[in-house]
>>> print(open('structure.cif').read())   # mmCIF, C-alpha atoms
data_protein
#
loop_
_atom_site.group_PDB
_atom_site.id
_atom_site.type_symbol
_atom_site.label_atom_id
_atom_site.label_comp_id
_atom_site.auth_asym_id
_atom_site.auth_seq_id
_atom_site.Cartn_x
_atom_site.Cartn_y
_atom_site.Cartn_z
ATOM 1 C CA MET A 1 -212.531 -148.145 -88.290
ATOM 2 C CA SER A 2 -208.795 -147.423 -88.602
ATOM 3 C CA ASP A 3 -207.445 -143.901 -88.122
ATOM 4 C CA VAL A 4 -206.388 -143.774 -91.792
ATOM 5 C CA THR A 5 -209.941 -144.569 -92.918
ATOM 6 C CA ALA A 6 -211.321 -142.050 -90.389
ATOM 7 C CA VAL A 7 -209.053 -139.317 -91.775
ATOM 8 C CA GLU A 8 -210.119 -140.059 -95.366
ATOM 9 C CA GLN A 9 -213.791 -139.983 -94.350
ATOM 10 C CA PHE A 10 -213.298 -136.711 -92.449
ATOM 11 C CA VAL A 11 -211.626 -135.070 -95.471
ATOM 12 C CA ARG A 12 -214.684 -135.921 -97.607
ATOM 13 C CA LYS A 13 -217.122 -134.623 -94.977
ATOM 14 C CA TYR A 14 -215.035 -131.473 -94.504
ATOM 15 C CA LYS A 15 -215.406 -130.628 -98.211
ATOM 16 C CA ASP A 16 -219.180 -131.162 -97.936
ATOM 17 C CA LEU A 17 -219.202 -128.945 -94.833
ATOM 18 C CA LYS A 18 -217.439 -126.106 -96.682
ATOM 19 C CA ALA A 19 -219.952 -126.418 -99.548
ATOM 20 C CA GLU A 20 -222.864 -126.263 -97.088
ATOM 21 C CA ILE A 21 -221.486 -123.124 -95.406
ATOM 22 C CA ALA A 22 -220.881 -121.539 -98.836
ATOM 23 C CA LYS A 23 -224.660 -121.643 -99.462
ATOM 24 C CA VAL A 24 -224.955 -118.680 -97.070
ATOM 25 C CA ILE A 25 -221.471 -117.201 -96.632
ATOM 26 C CA VAL A 26 -219.812 -115.698 -99.714
ATOM 27 C CA GLY A 27 -216.010 -115.745 -99.725
ATOM 28 C CA GLN A 28 -214.095 -115.559 -96.402
ATOM 29 C CA ASP A 29 -212.714 -119.006 -97.234
ATOM 30 C CA GLU A 30 -209.560 -118.683 -95.131
ATOM 31 C CA VAL A 31 -211.504 -117.272 -92.160
ATOM 32 C CA ILE A 32 -213.952 -120.208 -92.248
ATOM 33 C CA ASN A 33 -211.014 -122.642 -92.505
ATOM 34 C CA GLN A 34 -209.409 -121.148 -89.403
ATOM 35 C CA ILE A 35 -212.649 -121.229 -87.400
ATOM 36 C CA LEU A 36 -213.188 -124.880 -88.367
ATOM 37 C CA ILE A 37 -209.566 -125.757 -87.535
ATOM 38 C CA ALA A 38 -210.104 -124.233 -84.073
ATOM 39 C CA ILE A 39 -213.342 -126.201 -83.612
ATOM 40 C CA PHE A 40 -211.928 -129.561 -84.714
ATOM 41 C CA SER A 41 -208.826 -128.917 -82.584
ATOM 42 C CA GLY A 42 -211.046 -128.219 -79.556
ATOM 43 C CA GLY A 43 -210.046 -124.545 -79.305
ATOM 44 C CA HIS A 44 -211.729 -121.145 -79.201
ATOM 45 C CA ALA A 45 -211.447 -118.309 -81.725
ATOM 46 C CA LEU A 46 -211.489 -114.511 -81.527
ATOM 47 C CA LEU A 47 -212.831 -112.857 -84.708
ATOM 48 C CA ILE A 48 -211.544 -109.318 -85.263
ATOM 49 C CA GLY A 49 -213.294 -107.221 -87.890
ATOM 50 C CA VAL A 50 -215.364 -104.098 -88.509
ATOM 51 C CA PRO A 51 -219.195 -104.290 -88.322
ATOM 52 C CA GLY A 52 -221.077 -105.652 -91.319
ATOM 53 C CA LEU A 53 -218.702 -108.472 -92.305
ATOM 54 C CA ALA A 54 -221.258 -111.179 -91.379
ATOM 55 C CA LYS A 55 -219.358 -112.426 -88.324
ATOM 56 C CA THR A 56 -222.553 -113.375 -86.475
ATOM 57 C CA LEU A 57 -224.110 -114.956 -89.581
ATOM 58 C CA MET A 58 -220.907 -116.896 -90.199
ATOM 59 C CA VAL A 59 -220.833 -118.376 -86.687
ATOM 60 C CA ASN A 60 -224.560 -119.186 -86.801
ATOM 61 C CA THR A 61 -224.191 -120.889 -90.203
ATOM 62 C CA ILE A 62 -221.198 -122.950 -89.029
ATOM 63 C CA ALA A 63 -223.162 -124.028 -85.922
ATOM 64 C CA GLN A 64 -226.101 -125.137 -88.101
ATOM 65 C CA ALA A 65 -223.866 -127.046 -90.529
ATOM 66 C CA LEU A 66 -222.163 -128.803 -87.600
ATOM 67 C CA GLY A 67 -225.516 -129.692 -86.019
ATOM 68 C CA LEU A 68 -224.656 -127.940 -82.746
ATOM 69 C CA ASP A 69 -226.658 -125.919 -80.229
ATOM 70 C CA PHE A 70 -225.864 -122.202 -80.665
ATOM 71 C CA LYS A 71 -226.357 -119.236 -78.314
ATOM 72 C CA ARG A 72 -225.461 -115.590 -78.868
ATOM 73 C CA ILE A 73 -224.548 -113.218 -76.024
ATOM 74 C CA GLN A 74 -224.393 -109.496 -76.761
ATOM 75 C CA PHE A 75 -221.736 -108.061 -74.449
ATOM 76 C CA THR A 76 -222.604 -104.621 -73.063
ATOM 77 C CA PRO A 77 -221.172 -102.508 -70.197
ATOM 78 C CA ASP A 78 -224.075 -103.447 -67.889
ATOM 79 C CA LEU A 79 -223.889 -107.219 -68.528
ATOM 80 C CA MET A 80 -223.455 -109.194 -65.287
ATOM 81 C CA PRO A 81 -221.786 -112.612 -64.803
ATOM 82 C CA SER A 82 -225.180 -114.106 -63.880
ATOM 83 C CA ASP A 83 -226.507 -112.997 -67.301
ATOM 84 C CA ILE A 84 -223.988 -115.407 -68.830
ATOM 85 C CA LEU A 85 -223.726 -118.253 -66.326
ATOM 86 C CA GLY A 86 -227.273 -118.314 -64.962
ATOM 87 C CA SER A 87 -228.534 -117.793 -61.420
ATOM 88 C CA GLU A 88 -230.334 -119.512 -58.574
ATOM 89 C CA ILE A 89 -233.943 -118.524 -57.857
ATOM 90 C CA LEU A 90 -236.323 -119.466 -55.052
ATOM 91 C CA ASP A 91 -239.094 -121.685 -56.418
ATOM 92 C CA GLU A 92 -242.659 -122.075 -55.084
ATOM 93 C CA ASN A 93 -241.466 -124.747 -52.616
ATOM 94 C CA ARG A 94 -238.874 -122.335 -51.208
ATOM 95 C CA HIS A 95 -236.015 -124.364 -52.678
ATOM 96 C CA PHE A 96 -233.235 -122.837 -54.709
ATOM 97 C CA GLN A 97 -233.370 -123.814 -58.361
ATOM 98 C CA PHE A 98 -230.582 -123.115 -60.843
ATOM 99 C CA ILE A 99 -231.700 -121.496 -64.093
ATOM 100 C CA LYS A 100 -229.028 -122.083 -66.733
ATOM 101 C CA GLY A 101 -227.666 -119.092 -68.625
ATOM 102 C CA PRO A 102 -226.789 -118.913 -72.341
ATOM 103 C CA ILE A 103 -223.292 -120.297 -71.675
ATOM 104 C CA PHE A 104 -224.891 -123.786 -71.640
ATOM 105 C CA ALA A 105 -224.674 -124.474 -75.375
ATOM 106 C CA ASN A 106 -222.173 -126.096 -77.753
ATOM 107 C CA ILE A 107 -221.170 -122.887 -79.537
ATOM 108 C CA ILE A 108 -221.250 -119.520 -77.779
ATOM 109 C CA LEU A 109 -220.962 -116.326 -79.802
ATOM 110 C CA ALA A 110 -219.602 -113.642 -77.455
ATOM 111 C CA ASP A 111 -220.480 -110.606 -79.563
ATOM 112 C CA GLU A 112 -218.235 -107.554 -78.977
ATOM 113 C CA ILE A 113 -216.612 -109.252 -75.994
ATOM 114 C CA ASN A 114 -214.493 -106.193 -75.165
ATOM 115 C CA ARG A 115 -217.554 -104.033 -74.383
ATOM 116 C CA THR A 116 -218.129 -105.583 -70.957
ATOM 117 C CA PRO A 117 -216.089 -105.021 -67.749
ATOM 118 C CA PRO A 118 -213.351 -107.519 -66.710
ATOM 119 C CA LYS A 119 -215.573 -109.021 -63.979
ATOM 120 C CA THR A 120 -218.052 -110.211 -66.608
ATOM 121 C CA GLN A 121 -215.360 -111.188 -69.115
ATOM 122 C CA ALA A 122 -213.856 -113.386 -66.386
ATOM 123 C CA ALA A 123 -217.123 -115.362 -66.191
ATOM 124 C CA LEU A 124 -216.010 -117.081 -69.405
ATOM 125 C CA LEU A 125 -212.561 -118.137 -68.153
ATOM 126 C CA GLU A 126 -213.551 -121.336 -66.337
ATOM 127 C CA ALA A 127 -215.886 -122.368 -69.146
ATOM 128 C CA MET A 128 -213.202 -121.846 -71.795
ATOM 129 C CA GLN A 129 -210.502 -123.751 -69.941
ATOM 130 C CA GLU A 130 -212.304 -126.374 -67.832
ATOM 131 C CA ARG A 131 -215.541 -126.789 -69.855
ATOM 132 C CA SER A 132 -217.464 -126.247 -66.610
ATOM 133 C CA VAL A 133 -218.917 -123.410 -64.523
ATOM 134 C CA THR A 134 -219.249 -122.867 -60.782
ATOM 135 C CA VAL A 135 -222.274 -120.960 -59.498
ATOM 136 C CA ALA A 136 -223.036 -120.476 -55.780
ATOM 137 C CA GLY A 137 -220.608 -123.235 -54.869
ATOM 138 C CA HIS A 138 -222.135 -125.770 -57.269
ATOM 139 C CA HIS A 139 -220.136 -127.250 -60.143
ATOM 140 C CA TYR A 140 -221.844 -127.740 -63.525
ATOM 141 C CA GLU A 141 -220.285 -129.583 -66.471
ATOM 142 C CA LEU A 142 -220.858 -128.135 -69.946
ATOM 143 C CA SER A 143 -221.954 -130.312 -72.857
ATOM 144 C CA LEU A 144 -219.195 -131.313 -75.254
ATOM 145 C CA PRO A 145 -218.104 -130.175 -77.753
ATOM 146 C CA TYR A 146 -217.863 -126.636 -76.385
ATOM 147 C CA PHE A 147 -216.519 -123.557 -78.166
ATOM 148 C CA VAL A 148 -216.432 -119.825 -77.553
ATOM 149 C CA LEU A 149 -216.262 -117.727 -80.712
ATOM 150 C CA ALA A 150 -215.886 -114.075 -79.745
ATOM 151 C CA THR A 151 -216.006 -110.962 -81.929
ATOM 152 C CA GLN A 152 -214.202 -107.680 -81.477
ATOM 153 C CA ASN A 153 -214.324 -104.387 -83.394
ATOM 154 C CA PRO A 154 -210.747 -103.165 -84.031
ATOM 155 C CA ILE A 155 -211.723 -99.560 -84.780
ATOM 156 C CA GLU A 156 -214.069 -98.162 -82.150
ATOM 157 C CA GLN A 157 -212.340 -98.321 -78.766
ATOM 158 C CA GLU A 158 -214.499 -95.842 -76.860
ATOM 159 C CA GLY A 159 -216.298 -97.550 -73.962
ATOM 160 C CA THR A 160 -214.362 -100.805 -74.321
ATOM 161 C CA TYR A 161 -212.334 -102.877 -71.880
ATOM 162 C CA PRO A 162 -209.225 -104.547 -73.350
ATOM 163 C CA LEU A 163 -209.215 -108.310 -72.854
ATOM 164 C CA PRO A 164 -206.791 -109.433 -70.123
ATOM 165 C CA GLU A 165 -203.774 -111.385 -71.382
ATOM 166 C CA ALA A 166 -204.938 -114.473 -69.463
ATOM 167 C CA GLN A 167 -208.196 -114.453 -71.409
ATOM 168 C CA LEU A 168 -206.590 -113.684 -74.764
ATOM 169 C CA ASP A 169 -204.274 -116.652 -74.226
ATOM 170 C CA ARG A 170 -207.278 -118.974 -73.947
ATOM 171 C CA PHE A 171 -208.256 -118.245 -77.544
ATOM 172 C CA MET A 172 -206.494 -120.668 -79.859
ATOM 173 C CA PHE A 173 -206.867 -118.319 -82.853
ATOM 174 C CA ALA A 174 -207.208 -114.589 -83.383
ATOM 175 C CA VAL A 175 -208.672 -114.298 -86.883
ATOM 176 C CA ASN A 176 -208.646 -111.037 -88.836
ATOM 177 C CA LEU A 177 -211.640 -110.496 -91.132
ATOM 178 C CA ASP A 178 -211.149 -108.235 -94.148
ATOM 179 C CA TYR A 179 -213.575 -106.627 -96.571
ATOM 180 C CA PRO A 180 -214.866 -108.863 -99.386
ATOM 181 C CA THR A 181 -213.549 -108.452 -102.927
ATOM 182 C CA PHE A 182 -215.631 -106.522 -105.474
ATOM 183 C CA LYS A 183 -217.022 -109.741 -107.023
ATOM 184 C CA GLU A 184 -217.813 -111.200 -103.590
ATOM 185 C CA GLU A 185 -219.592 -108.034 -102.488
ATOM 186 C CA VAL A 186 -221.684 -108.013 -105.681
ATOM 187 C CA GLN A 187 -222.673 -111.622 -104.942
ATOM 188 C CA VAL A 188 -223.480 -110.752 -101.306
ATOM 189 C CA VAL A 189 -225.720 -107.855 -102.357
ATOM 190 C CA LYS A 190 -227.546 -109.999 -104.950
ATOM 191 C CA SER A 191 -228.162 -112.883 -102.552
ATOM 192 C CA THR A 192 -229.233 -110.787 -99.560
ATOM 193 C CA THR A 193 -231.613 -108.486 -101.442
ATOM 194 C CA ALA A 194 -233.505 -111.291 -103.234
ATOM 195 C CA ASP A 195 -236.429 -113.260 -101.832
ATOM 196 C CA THR A 196 -234.446 -116.443 -101.226
ATOM 197 C CA ASN A 197 -233.697 -118.397 -98.066
ATOM 198 C CA GLU A 198 -230.988 -121.054 -98.212
ATOM 199 C CA LYS A 199 -231.444 -123.982 -95.829
ATOM 200 C CA VAL A 200 -228.243 -125.194 -94.165
ATOM 201 C CA LEU A 201 -228.273 -128.926 -93.451
ATOM 202 C CA PRO A 202 -226.502 -130.389 -90.384
ATOM 203 C CA LEU A 203 -223.729 -132.732 -91.513
ATOM 204 C CA PHE A 204 -222.264 -133.765 -88.138
ATOM 205 C CA THR A 205 -223.443 -134.747 -84.687
ATOM 206 C CA ALA A 206 -221.925 -133.548 -81.415
ATOM 207 C CA GLN A 207 -220.426 -136.997 -80.785
ATOM 208 C CA GLU A 208 -218.848 -137.108 -84.268
ATOM 209 C CA ILE A 209 -217.090 -133.801 -83.578
ATOM 210 C CA VAL A 210 -215.793 -135.092 -80.221
ATOM 211 C CA ASP A 211 -214.540 -138.240 -82.007
ATOM 212 C CA ILE A 212 -212.760 -136.096 -84.621
ATOM 213 C CA GLN A 213 -211.091 -134.077 -81.841
ATOM 214 C CA HIS A 214 -209.723 -137.346 -80.401
ATOM 215 C CA LEU A 215 -208.661 -138.448 -83.898
ATOM 216 C CA ILE A 216 -206.719 -135.181 -84.345
ATOM 217 C CA ARG A 217 -204.845 -135.792 -81.076
ATOM 218 C CA ARG A 218 -203.848 -139.268 -82.307
ATOM 219 C CA VAL A 219 -202.213 -137.876 -85.471
ATOM 220 C CA PRO A 220 -198.456 -138.541 -85.224
ATOM 221 C CA VAL A 221 -196.040 -135.602 -85.450
ATOM 222 C CA ALA A 222 -192.330 -135.939 -86.208
ATOM 223 C CA ASP A 223 -189.975 -134.627 -83.524
ATOM 224 C CA ASN A 224 -188.420 -132.085 -85.888
ATOM 225 C CA VAL A 225 -191.875 -130.539 -86.531
ATOM 226 C CA VAL A 226 -192.599 -130.262 -82.781
ATOM 227 C CA GLU A 227 -189.153 -128.770 -82.178
ATOM 228 C CA TYR A 228 -189.670 -126.299 -85.037
ATOM 229 C CA ALA A 229 -192.985 -125.135 -83.514
ATOM 230 C CA VAL A 230 -191.568 -124.818 -79.987
ATOM 231 C CA THR A 231 -188.492 -122.984 -81.315
ATOM 232 C CA MET A 232 -190.721 -120.554 -83.233
ATOM 233 C CA VAL A 233 -192.721 -119.746 -80.097
ATOM 234 C CA GLY A 234 -189.526 -119.404 -78.042
ATOM 235 C CA LYS A 235 -188.132 -116.888 -80.545
ATOM 236 C CA THR A 236 -191.014 -114.484 -79.716
ATOM 237 C CA ARG A 237 -189.657 -113.958 -76.178
ATOM 238 C CA PRO A 238 -187.370 -110.875 -76.129
ATOM 239 C CA ASN A 239 -185.309 -112.183 -73.192
ATOM 240 C CA SER A 240 -184.591 -115.483 -74.959
ATOM 241 C CA ASP A 241 -181.128 -116.190 -76.399
ATOM 242 C CA ALA A 242 -182.869 -117.370 -79.588
ATOM 243 C CA ALA A 243 -184.671 -114.025 -80.096
ATOM 244 C CA SER A 244 -183.550 -111.993 -83.103
ATOM 245 C CA ALA A 245 -182.607 -108.310 -82.990
ATOM 246 C CA LEU A 246 -186.021 -107.491 -84.498
ATOM 247 C CA ILE A 247 -187.830 -109.300 -81.658
ATOM 248 C CA LYS A 248 -185.670 -107.633 -78.994
ATOM 249 C CA ASN A 249 -186.290 -104.214 -80.533
ATOM 250 C CA TYR A 250 -190.024 -104.411 -81.103
ATOM 251 C CA LEU A 251 -191.612 -106.803 -78.571
ATOM 252 C CA ASP A 252 -192.206 -106.387 -74.849
ATOM 253 C CA TRP A 253 -193.550 -109.904 -74.301
ATOM 254 C CA GLY A 254 -193.704 -113.128 -76.265
ATOM 255 C CA ALA A 255 -195.978 -116.161 -76.368
ATOM 256 C CA GLY A 256 -196.189 -118.729 -73.559
ATOM 257 C CA PRO A 257 -196.276 -122.557 -73.579
ATOM 258 C CA ARG A 258 -200.007 -122.646 -74.402
ATOM 259 C CA ALA A 259 -199.092 -121.177 -77.795
ATOM 260 C CA SER A 260 -196.814 -124.176 -78.484
ATOM 261 C CA GLN A 261 -199.584 -126.600 -77.497
ATOM 262 C CA ASN A 262 -202.167 -124.833 -79.671
ATOM 263 C CA LEU A 263 -199.702 -124.559 -82.552
ATOM 264 C CA ILE A 264 -199.186 -128.334 -82.686
ATOM 265 C CA LEU A 265 -202.916 -129.104 -82.346
ATOM 266 C CA ALA A 266 -203.820 -126.631 -85.109
ATOM 267 C CA THR A 267 -200.953 -127.965 -87.241
ATOM 268 C CA LYS A 268 -202.348 -131.504 -86.938
ATOM 269 C CA THR A 269 -205.846 -130.350 -87.950
ATOM 270 C CA HIS A 270 -204.502 -128.278 -90.861
ATOM 271 C CA ALA A 271 -202.647 -131.332 -92.146
ATOM 272 C CA VAL A 272 -205.663 -133.639 -91.788
ATOM 273 C CA ILE A 273 -208.110 -131.370 -93.645
ATOM 274 C CA HIS A 274 -205.610 -131.320 -96.514
ATOM 275 C CA GLY A 275 -205.522 -135.131 -96.607
ATOM 276 C CA LYS A 276 -202.151 -135.622 -94.894
ATOM 277 C CA PHE A 277 -201.622 -138.258 -92.221
ATOM 278 C CA SER A 278 -198.808 -136.364 -90.489
ATOM 279 C CA PRO A 279 -198.051 -132.617 -90.487
ATOM 280 C CA ASP A 280 -194.913 -130.941 -91.772
ATOM 281 C CA ILE A 281 -193.262 -127.557 -91.265
ATOM 282 C CA GLU A 282 -195.488 -125.926 -93.926
ATOM 283 C CA ASP A 283 -198.526 -126.775 -91.792
ATOM 284 C CA VAL A 284 -196.893 -125.088 -88.778
ATOM 285 C CA GLN A 285 -196.255 -121.927 -90.801
ATOM 286 C CA ALA A 286 -199.802 -121.928 -92.230
ATOM 287 C CA VAL A 287 -201.449 -121.617 -88.798
ATOM 288 C CA SER A 288 -198.753 -119.689 -86.899
ATOM 289 C CA GLY A 289 -200.092 -116.195 -87.705
ATOM 290 C CA SER A 290 -203.469 -116.694 -86.041
ATOM 291 C CA ILE A 291 -201.921 -118.608 -83.126
ATOM 292 C CA LEU A 292 -199.280 -115.992 -82.266
ATOM 293 C CA ARG A 293 -200.950 -112.733 -83.343
ATOM 294 C CA HIS A 294 -202.727 -112.085 -80.038
ATOM 295 C CA ARG A 295 -199.968 -113.518 -77.853
ATOM 296 C CA ILE A 296 -197.155 -111.117 -78.723
ATOM 297 C CA ILE A 297 -197.116 -107.630 -77.214
ATOM 298 C CA LYS A 298 -195.449 -104.947 -79.286
ATOM 299 C CA ASN A 299 -193.708 -101.991 -77.648
ATOM 300 C CA TYR A 300 -194.189 -98.304 -78.387
ATOM 301 C CA LYS A 301 -191.344 -98.306 -80.923
ATOM 302 C CA ALA A 302 -193.081 -100.976 -83.018
ATOM 303 C CA GLU A 303 -196.362 -99.053 -82.968
ATOM 304 C CA ALA A 304 -194.599 -95.784 -83.893
ATOM 305 C CA GLU A 305 -192.777 -97.375 -86.827
ATOM 306 C CA GLY A 306 -195.850 -99.250 -88.090
ATOM 307 C CA ILE A 307 -194.387 -102.713 -87.553
ATOM 308 C CA THR A 308 -197.255 -105.225 -87.928
ATOM 309 C CA ASP A 309 -197.816 -108.468 -86.043
ATOM 310 C CA ASP A 310 -197.697 -110.451 -89.278
ATOM 311 C CA PHE A 311 -194.346 -108.927 -90.258
ATOM 312 C CA ILE A 312 -192.892 -109.979 -86.901
ATOM 313 C CA ILE A 313 -194.363 -113.499 -87.125
ATOM 314 C CA LYS A 314 -193.071 -114.069 -90.683
ATOM 315 C CA SER A 315 -189.590 -113.074 -89.501
ATOM 316 C CA LEU A 316 -189.707 -116.163 -87.247
ATOM 317 C CA PHE A 317 -189.823 -118.529 -90.237
#
>>> encode(input="structure.cif", output="structure tokens")
Amino acid sequence: MSDVTAVEQFVRKYKDLKAEIAKVIVGQDEVINQILIAIFSGGHALLIGVPGLAKTLMVNTIAQALGLDFKRIQFTPDLMPSDILGSEILDENRHFQFIKGPIFANIILADEINRTPPKTQAALLEAMQERSVTVAGHHYELSLPYFVLATQNPIEQEGTYPLPEAQLDRFMFAVNLDYPTFKEEVQVVKSTTADTNEKVLPLFTAQEIVDIQHLIRRVPVADNVVEYAVTMVGKTRPNSDAASALIKNYLDWGAGPRASQNLILATKTHAVIHGKFSPDIEDVQAVSGSILRHRIIKNYKAEAEGITDDFIIKSLF
């Protein structure tokens, strides 16, 4: 099958996938798009939203529709790394046997990831970057495809541990979830208080998703689009000559090279799901907010004057 045919087939299946997810999830179309772009790009996503916005249900539904193994980990202050990775136990023959933890799945939902100490948060780092874990000196490969979708409550900060920058940088997207519209909320209430149970059908296999990830990487990108993306990321660095007065005034730190890599991968996927065989600058701009939002660090002046991340990112266009 040629890449052109593969792209056309993927576009059709993507529309079916969205329809399957919509059986359970009302609205949140842009959020679902961004999660799926992260998945088909081979990246991870951080979902930021108040409780009750169906973040867990959304991730579970997407996992079912993609035909992937799904595990949920509730992050709490007393969670230990072994609760995530697994541990070695002494069996009846007095041999050590490794019991796999919940991290051994295709999609991991790290619920309220900022409620656990840095030592436990760090247990995810190797898995997110290398797709493997090391326990007691033994190296274990994780099954592909592999994604971490983490949730975070932006309001309640008591008893939380801010994610280290190194870990934040490993998330391709930081996705903000907002309240549903009035019509959407009416539909949610009707569907969840009736005696109905929608069945989500798996439309993909694990190998198909891996193949799509390789297809995305083969999508050609014009040099001017790559240069536009890299220039945009470079402009977020206050010490750069390309940085505007707004960036110098309101940011302490900008995005690193991983942002440029993720921006191009997400741009390719965004183009493909819209039926294009090569991305353009509009595709870069469409995904830049979620790519850069968690990678720029505002200073006190920006916080005091109410300057938002999105305002700063749009100034880069």
>>> resolve_selection(input="structure.cif", expression="the PyMOL selection byres ((chain A and resi 108) around 12)", output="ChimeraX atom specification")
/A:39,44-46,56,59-60,62-63,68-75,84-85,101-107,109-111,113,124,127-128,142-143,145-151
>>> closest_atom_pairs(input="structure.cif", of="region 32-60 of chain A", to="region 10-21 of chain A", cutoff="12 Å", atoms="all atoms listed in the file", output="Markdown table")
| residue | atom | partner | partner_atom | distance |
| --- | --- | --- | --- | --- |
| A:Ile32 | CA | A:Lys18 | CA | 8.2 |
| A:Asn33 | CA | A:Lys18 | CA | 8.4 |
| A:Gln34 | CA | A:Lys18 | CA | 11.9 |
| A:Ile35 | CA | A:Lys18 | CA | 11.5 |
| A:Leu36 | CA | A:Tyr14 | CA | 9.2 |
| A:Ile37 | CA | A:Tyr14 | CA | 10.5 |
| A:Phe40 | CA | A:Tyr14 | CA | 10.4 |
| A:Leu57 | CA | A:Ile21 | CA | 10.4 |
| A:Met58 | CA | A:Ile21 | CA | 8.1 |
| A:Val59 | CA | A:Ile21 | CA | 9.9 |
| A:Asn60 | CA | A:Ile21 | CA | 10.0 |
>>> resolve_selection(input="structure.cif", expression="the PyMOL selection byres ((chain A and resi 230) around 9)", output="list of chain:residue names")
A:Val225, A:Val226, A:Glu227, A:Tyr228, A:Ala229, A:Thr231, A:Met232, A:Val233, A:Gly234, A:Lys235, A:Pro257, A:Ala259, A:Ser260, A:Gln261, A:Leu263, A:Ile264
>>> closest_residue(input="structure.cif", among="A:Ile99, A:Val133, A:Val210, A:Leu292", to="Gly256 (chain A)", atoms="all atoms listed in the file")
A:Leu292
>>> atom_distance(input="structure.cif", atom1="CA of Thr76 (chain A)", atom2="CA of Ala122 (chain A)")
14.1 Å
>>> residues_around(input="structure.cif", residues="Pro77 (chain A)", least_positions_apart="3", cutoff="7 Å", atoms="only C-alpha atoms", output="VMD selection string")
chain A and resid 115 to 117
>>> residues_around(input="structure.cif", residues="Ala245 (chain A)", least_positions_apart="6", cutoff="12 Å", atoms="all atoms listed in the file", output="tab-separated table (two decimals) with C-alpha atoms, in the frame of the given file")
chain	number	residue	atom	x	y	z
A	235	LYS	CA	-188.13	-116.89	-80.54
A	236	THR	CA	-191.01	-114.48	-79.72
A	237	ARG	CA	-189.66	-113.96	-76.18
A	238	PRO	CA	-187.37	-110.88	-76.13
A	239	ASN	CA	-185.31	-112.18	-73.19
A	251	LEU	CA	-191.61	-106.80	-78.57
A	312	ILE	CA	-192.89	-109.98	-86.90
A	315	SER	CA	-189.59	-113.07	-89.50
A	316	LEU	CA	-189.71	-116.16	-87.25
>>> residues_around(input="structure.cif", residues="region 298-302 of chain A", least_positions_apart="6", cutoff="9 Å", atoms="all atoms listed in the file", output="number ranges by chain")
A: 249-254, 308-309
>>> write_last_selection(input="structure.cif", atoms="C-alpha atoms", output="CSV table (one decimal), in the frame of the given file")
chain,number,residue,atom,x,y,z
A,249,ASN,CA,-186.3,-104.2,-80.5
A,250,TYR,CA,-190.0,-104.4,-81.1
A,251,LEU,CA,-191.6,-106.8,-78.6
A,252,ASP,CA,-192.2,-106.4,-74.8
A,253,TRP,CA,-193.6,-109.9,-74.3
A,254,GLY,CA,-193.7,-113.1,-76.3
A,308,THR,CA,-197.3,-105.2,-87.9
A,309,ASP,CA,-197.8,-108.5,-86.0
>>> decode(input="structure.cif", residues="region 202-214 of chain A", atoms="C-alpha atoms", output="PDB file, in the first residue's frame")
ATOM      1  CA  PRO A 202     -12.477  -1.257  18.909  1.00  0.00           C
ATOM      2  CA  LEU A 203     -11.577   0.087  15.469  1.00  0.00           C
ATOM      3  CA  PHE A 204      -7.779  -0.338  15.521  1.00  0.00           C
ATOM      4  CA  THR A 205      -5.197  -2.864  16.623  1.00  0.00           C
ATOM      5  CA  ALA A 206      -1.964  -2.057  18.452  1.00  0.00           C
ATOM      6  CA  GLN A 207       0.066  -2.849  15.323  1.00  0.00           C
ATOM      7  CA  GLU A 208      -2.105  -0.563  13.158  1.00  0.00           C
ATOM      8  CA  ILE A 209      -1.421   2.337  15.533  1.00  0.00           C
ATOM      9  CA  VAL A 210       2.338   1.649  15.425  1.00  0.00           C
ATOM     10  CA  ASP A 211       2.134   1.573  11.601  1.00  0.00           C
ATOM     11  CA  ILE A 212       0.288   4.919  11.594  1.00  0.00           C
ATOM     12  CA  GLN A 213       2.991   6.425  13.833  1.00  0.00           C
ATOM     13  CA  HIS A 214       5.606   5.368  11.248  1.00  0.00           C
TER      14      HIS A 214
END
